[in-house]
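Content type mmCIF, C-alpha atoms, from the file query_20.cif:
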data_coords
loop_
_atom_site.label_atom_id
_atom_site.label_comp_id
_atom_site.auth_asym_id
_atom_site.auth_seq_id
_atom_site.Cartn_x
_atom_site.Cartn_y
_atom_site.Cartn_z
CA VAL R 1 0.00 0.00 0.00
CA SER R 2 1.42 3.34 -1.00
CA VAL R 3 0.89 6.26 1.35
CA PHE R 4 1.23 9.84 0.15
CA VAL R 5 1.59 12.72 2.62
CA VAL R 6 0.38 16.01 1.19
CA SER R 7 1.29 19.32 2.80
CA PRO R 8 -1.71 21.54 3.57
CA ARG R 9 0.04 24.27 1.57
CA ALA R 10 -0.07 22.08 -1.52
CA LEU R 11 -3.85 22.00 -1.18
CA ALA R 12 -4.09 25.77 -1.21
CA GLN R 13 -6.11 27.29 -3.97
CA THR R 14 -3.97 28.03 -7.00
CA PRO R 15 -4.20 31.66 -8.13
CA ALA R 16 -5.90 32.28 -11.44
CA ALA R 17 -3.74 33.05 -14.47
CA PRO R 18 -3.75 36.69 -15.60
CA GLY R 19 -6.58 37.35 -18.01
CA SER R 20 -8.33 34.05 -17.26
CA GLY R 21 -11.47 35.79 -16.04
CA ALA R 22 -11.75 33.45 -13.06
CA ALA R 23 -13.16 35.00 -9.92
CA GLN R 24 -10.13 34.66 -7.70
CA ALA R 25 -9.03 37.08 -4.98
CA VAL R 26 -5.36 36.08 -5.28
CA PRO R 27 -3.32 37.35 -8.25
CA ASN R 28 -0.96 34.93 -9.94
CA LEU R 29 2.62 36.11 -9.48
CA HIS R 30 4.19 32.73 -10.14
CA GLY R 31 7.21 32.65 -12.42
CA ILE R 32 10.94 33.27 -12.64
CA TRP R 33 11.49 37.00 -12.93
CA GLU R 34 14.62 38.72 -14.12
CA VAL R 35 15.80 42.31 -14.46
CA PRO R 36 15.99 43.43 -18.12
CA ASN R 37 19.79 43.85 -17.88
CA ASN R 38 20.09 40.10 -17.37
CA LEU R 39 17.60 38.93 -19.96
CA ALA R 40 18.72 36.72 -22.80
CA VAL R 41 20.13 38.54 -25.80
CA LYS R 42 20.60 37.32 -29.37
CA GLY R 43 18.64 34.16 -28.61
CA LYS R 44 20.97 33.05 -25.85
CA VAL R 45 18.23 31.96 -23.44
CA GLY R 46 19.41 31.99 -19.86
CA ASP R 47 22.51 34.11 -20.42
CA ILE R 48 23.37 36.31 -17.46
CA CYS R 49 25.24 39.29 -18.82
CA ALA R 50 24.68 42.52 -16.89
CA GLU R 51 28.13 44.06 -17.15
CA PRO R 52 28.43 46.71 -19.92
CA ALA R 53 31.54 45.11 -21.42
CA CYS R 54 29.87 41.71 -21.55
CA ARG R 55 26.68 43.08 -23.09
CA ALA R 56 28.70 45.01 -25.68
CA LEU R 57 30.28 41.74 -26.85
CA LEU R 58 26.80 40.33 -27.37
CA GLY R 59 25.61 43.40 -29.23
CA ALA R 60 23.37 44.72 -26.47
CA PRO R 61 23.71 48.34 -25.29
CA PRO R 62 24.86 48.98 -21.71
CA GLN R 63 22.00 49.66 -19.31
CA PRO R 64 22.09 52.10 -16.36
CA ARG R 65 22.22 50.57 -12.91
CA LEU R 66 20.24 53.30 -11.21
CA ASP R 67 16.48 53.39 -11.64
CA LYS R 68 15.36 56.04 -14.11
CA ASN R 69 12.90 57.55 -11.65
CA LEU R 70 15.45 57.94 -8.89
CA ASP R 71 16.59 61.43 -7.96
CA GLU R 72 18.99 61.48 -5.05
CA PRO R 73 16.99 61.11 -1.81
CA GLN R 74 17.20 63.76 0.89
CA MET R 75 19.79 62.34 3.26
CA LEU R 76 20.54 63.42 6.80
CA PRO R 77 24.07 64.86 7.19
CA TRP R 78 25.76 61.67 8.43
CA ALA R 79 24.18 59.59 5.68
CA GLU R 80 25.10 62.09 2.98
CA GLN R 81 28.69 62.21 4.23
CA GLN R 82 28.97 58.43 4.20
CA TYR R 83 27.38 58.20 0.75
CA LYS R 84 29.80 60.76 -0.68
CA SER R 85 32.78 59.04 0.92
CA VAL R 86 32.03 55.68 -0.71
CA ARG R 87 31.52 57.36 -4.09
CA GLU R 88 34.55 59.64 -3.98
CA GLY R 89 36.42 59.58 -7.28
CA LEU R 90 33.68 57.77 -9.22
CA ARG R 91 32.76 59.54 -12.45
CA ASP R 92 29.99 57.16 -13.50
CA PRO R 93 26.83 57.79 -11.42
CA ASN R 94 25.74 54.22 -12.15
CA ALA R 95 28.97 52.60 -10.95
CA PHE R 96 29.27 50.43 -7.88
CA ALA R 97 30.35 52.23 -4.73
CA ASN R 98 33.78 51.87 -3.15
CA GLN R 99 34.10 48.28 -1.96
CA GLU R 100 37.13 49.08 0.17
CA LEU R 101 34.85 50.72 2.76
CA ARG R 102 32.42 47.82 2.62
CA PRO R 103 34.69 44.90 1.69
CA PHE R 104 31.94 42.31 2.08
CA TRP R 105 29.99 43.98 -0.74
CA GLY R 106 30.57 41.86 -3.79
CA GLY R 107 29.84 38.33 -2.71
CA CYS R 108 31.50 37.88 0.67
CA ALA R 109 28.26 38.41 2.62
CA PRO R 110 24.54 38.38 1.83
CA GLU R 111 22.65 41.31 0.33
CA GLY R 112 19.66 43.12 1.77
CA PRO R 113 16.21 42.73 0.21
CA SER R 114 16.19 46.06 -1.65
CA GLU R 115 19.37 45.31 -3.60
CA SER R 116 18.42 41.69 -4.29
CA MET R 117 15.04 42.77 -5.64
CA ARG R 118 16.76 45.39 -7.77
CA ARG R 119 19.27 43.26 -9.63
CA ARG R 120 18.73 39.54 -8.99
CA ALA R 121 16.56 37.00 -10.73
CA PHE R 122 14.07 35.29 -8.43
CA GLU R 123 11.23 32.81 -8.53
CA VAL R 124 7.89 33.63 -6.90
CA VAL R 125 6.10 30.65 -5.31
CA GLN R 126 2.74 31.36 -3.68
CA PHE R 127 1.08 29.33 -0.93
CA ALA R 128 -1.97 30.05 1.20
CA ASP R 129 0.07 31.32 4.16
CA VAL R 130 3.42 32.42 2.72
CA VAL R 131 4.94 33.72 -0.50
CA LEU R 132 8.50 32.60 -1.19
CA LEU R 133 10.98 34.59 -3.25
CA LEU R 134 13.82 32.27 -4.24
CA PHE R 135 16.85 34.14 -5.57
CA ASP R 136 19.45 32.88 -8.02
CA HIS R 137 22.25 34.40 -5.92
CA ASP R 138 23.79 32.71 -2.89
CA HIS R 139 20.66 30.58 -2.26
CA ALA R 140 18.92 33.62 -0.78
CA VAL R 141 15.27 33.29 0.25
CA ARG R 142 12.65 35.82 1.32
CA ARG R 143 9.58 34.59 3.18
CA VAL R 144 6.57 36.90 3.06
CA TYR R 145 4.03 35.70 5.62
CA ILE R 146 0.45 36.36 4.53
CA ASP R 147 -1.33 34.49 7.34
CA GLY R 148 -2.21 37.63 9.28
CA ARG R 149 0.68 37.58 11.73
CA GLU R 150 2.42 40.77 12.88
CA HIS R 151 6.12 41.47 13.11
CA PRO R 152 7.47 39.79 16.27
CA ALA R 153 8.38 41.87 19.29
CA ASN R 154 12.08 42.35 20.04
CA LEU R 155 12.93 41.42 16.45
CA LYS R 156 16.61 40.76 15.81
CA THR R 157 17.96 42.17 12.57
CA THR R 158 18.88 39.84 9.71
CA TRP R 159 20.09 40.39 6.16
CA MET R 160 16.63 39.95 4.62
CA GLY R 161 14.64 41.23 7.57
CA HIS R 162 11.15 40.03 8.51
CA SER R 163 8.39 40.37 5.89
CA ILE R 164 4.63 40.22 6.23
CA GLY R 165 2.18 40.90 3.45
CA LYS R 166 -1.35 40.91 2.12
CA TYR R 167 -3.09 41.00 -1.25
CA ASP R 168 -4.66 44.28 -2.32
CA GLY R 169 -6.56 43.54 -5.51
CA ASP R 170 -3.98 42.51 -8.09
CA THR R 171 -1.06 43.58 -5.86
CA LEU R 172 0.98 41.87 -3.16
CA VAL R 173 1.84 44.49 -0.52
CA VAL R 174 4.94 43.58 1.51
CA ASP R 175 6.08 45.25 4.72
CA THR R 176 9.66 44.46 5.80
CA VAL R 177 11.50 45.54 8.96
CA GLY R 178 14.48 44.27 10.95
CA ILE R 179 16.96 44.62 8.07
CA SER R 180 20.62 44.62 9.08
CA ASP R 181 22.31 47.98 8.59
CA LYS R 182 25.41 46.14 7.40
CA ALA R 183 23.77 46.02 3.98
CA TRP R 184 23.37 49.05 1.78
CA ILE R 185 20.07 49.86 0.13
CA ASP R 186 21.74 49.47 -3.27
CA ALA R 187 25.13 48.95 -4.89
CA GLN R 188 25.50 52.70 -5.32
CA GLY R 189 26.08 52.95 -1.58
CA HIS R 190 22.90 54.48 -0.10
CA PRO R 191 23.10 53.65 3.61
CA HIS R 192 20.35 52.84 6.07
CA THR R 193 19.89 52.14 9.77
CA ASP R 194 18.00 49.53 11.78
CA ALA R 195 14.96 51.85 11.58
CA LEU R 196 14.46 51.07 7.89
CA ARG R 197 10.97 50.04 6.83
CA LEU R 198 10.69 48.72 3.29
CA THR R 199 7.26 48.69 1.65
CA GLU R 200 6.83 46.94 -1.70
CA ARG R 201 3.82 46.80 -3.99
CA ILE R 202 4.31 43.89 -6.37
CA ARG R 203 1.94 43.36 -9.29
CA ARG R 204 1.89 41.57 -12.59
CA ALA R 205 1.29 44.31 -15.14
CA ASP R 206 0.89 41.75 -17.92
CA GLN R 207 1.83 38.15 -18.59
CA GLU R 208 5.51 39.05 -19.13
CA THR R 209 6.02 41.99 -16.74
CA LEU R 210 6.33 42.28 -12.95
CA GLU R 211 6.24 45.78 -11.46
CA ILE R 212 7.65 46.54 -8.02
CA GLU R 213 7.09 49.91 -6.36
CA MET R 214 9.49 50.11 -3.44
CA THR R 215 9.25 52.77 -0.72
CA ILE R 216 12.28 53.28 1.54
CA ASP R 217 11.42 54.87 4.88
CA ASP R 218 14.29 55.39 7.33
CA PRO R 219 13.86 58.52 9.49
CA LYS R 220 17.34 58.04 10.96
CA ALA R 221 19.00 58.37 7.53
CA TYR R 222 16.57 60.28 5.26
CA SER R 223 14.41 63.34 5.81
CA LYS R 224 11.46 61.72 4.03
CA PRO R 225 10.58 58.40 2.35
CA TRP R 226 11.77 57.83 -1.19
CA ARG R 227 10.97 55.33 -3.92
CA LYS R 228 12.43 52.98 -6.46
CA ASN R 229 10.33 51.58 -9.30
CA ILE R 230 11.62 48.25 -10.58
CA ILE R 231 10.60 46.25 -13.64
CA HIS R 232 11.24 42.53 -14.05
CA LYS R 233 10.49 40.38 -17.07
CA LEU R 234 9.41 36.76 -17.14
CA ARG R 235 12.36 34.49 -17.93
CA PRO R 236 11.69 32.51 -21.15
CA GLN R 237 11.38 28.78 -20.70
CA VAL R 238 14.25 26.82 -22.20
CA PRO R 239 12.83 24.25 -24.64
CA ASP R 240 13.70 20.60 -24.12
CA VAL R 241 16.37 19.31 -26.50
#
For this file, produce the structure as structure tokens.
Amino acid sequence: VSVFVVSPRALAQTPAAPGSGAAQAVPNLHGIWEVPNNLAVKGKVGDICAEPACRALLGAPPQPRLDKNLDEPQMLPWAEQQYKSVREGLRDPNAFANQELRPFWGGCAPEGPSESMRRRAFEVVQFADVVLLLFDHDHAVRRVYIDGREHPANLKTTWMGHSIGKYDGDTLVVDTVGISDKAWIDAQGHPHTDALRLTERIRRADQETLEIEMTIDDPKAYSKPWRKNIIHKLRPQVPDV
């Protein structure tokens, strides 16, 4: 006699596909999503080629690292001084910040959620009580709890922080706190403190496009909240050969 044990999560209602017309309250965000810089070029499905020199070899124009909508946020004096110090001598506004002042930046330690969402490919897997974001870098995982829980009291900081969320129409709204201040907000060197609250609104604009509106709120580092708008594209499936 064969016995199969099925997780309750596996029995959760599967979200309806975009445009299916089914009356479902949960939007379908499933898929492997990738920043346009890393998308396949010249038919090379699965190629990861974000560096300008690499993309030039493949005939693709270099892409800016900073989001187009991003004007410099209004930093408090200490944050502005630190930001300028890590960017001293850099002529390219899209270049990575000075790794000598943050030597772990570049693979020696994990990233924070804002930078991983900005430039990493990730898979979205939805269950009834949690949404998993599985990154292609360093086996990183974000768990967004959607079971109604609150952030725990006396939360200890971690690289990815603690995320809770809810669905608002076609959008997954994610609230993240407890992010370690050892990570920058982005590779350009914008700092933050343990007071950072990251709010993300994640929606599938169409079958191939995932939009993320990210609000960065850290009153210890910035005079007011500021935003990044991020676009990901669905990674093409590699045909069987």
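This file, filtered with the PyMOL selection byres ((chain R and resi 152-162) around 6), gives the residues Gly112, Pro113, His151, Ser163, Thr176, Val177, Gly178, Ile179 and Ser180 of chain R.
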Proximity check stretch 146-239 of chain R to stretch 85-90 of chain R, 12 Å, nearest pairs one decimal Å, all atoms listed in the file, as a tab-separated table:
residue	atom	partner	partner_atom	distance
R:Trp184	CA	R:Val86	CA	11.2
R:Ala187	CA	R:Val86	CA	10.5
R:Gln188	CA	R:Arg87	CA	7.7
R:Gly189	CA	R:Val86	CA	6.6
R:His190	CA	R:Val86	CA	9.2
R:Pro191	CA	R:Val86	CA	10.1
Output file for the selection above: C-alpha atoms, as a short mmCIF file (atom, residue, chain, number, x, y, z; two decimals), in the frame of the given file:
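Saved to result-v1.cif:
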data_model
loop_
_atom_site.label_atom_id
_atom_site.label_comp_id
_atom_site.auth_asym_id
_atom_site.auth_seq_id
_atom_site.Cartn_x
_atom_site.Cartn_y
_atom_site.Cartn_z
CA TRP R 184 23.37 49.05 1.78
CA ALA R 187 25.13 48.95 -4.89
CA GLN R 188 25.50 52.70 -5.32
CA GLY R 189 26.08 52.95 -1.58
CA HIS R 190 22.90 54.48 -0.10
CA PRO R 191 23.10 53.65 3.61
#
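Going from atom CA of R:Gly169 to atom CA of R:Ile202 covers 10.9 Å.
Taking atom CA of R:Ile32 and atom CA of R:His137 as endpoints, the distance between them is 13.2 Å.
What the PyMOL selection byres ((chain R and resi 78) around 12) matches in the given file is Gln74, Met75, Leu76, Pro77, Ala79, Glu80, Gln81, Gln82, Tyr83, Lys84, Ser85, His190, Pro191, His192, Thr193, Lys220, Ala221, Tyr222 and Ser223 of chain R.
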Original post:
When the PyMOL selection byres ((chain R and resi 204) around 9) is applied to the file above, which residues end up in the set, as a ChimeraX atom specification?
Top reply: /R:18,27-29,170-171,202-203,205-212
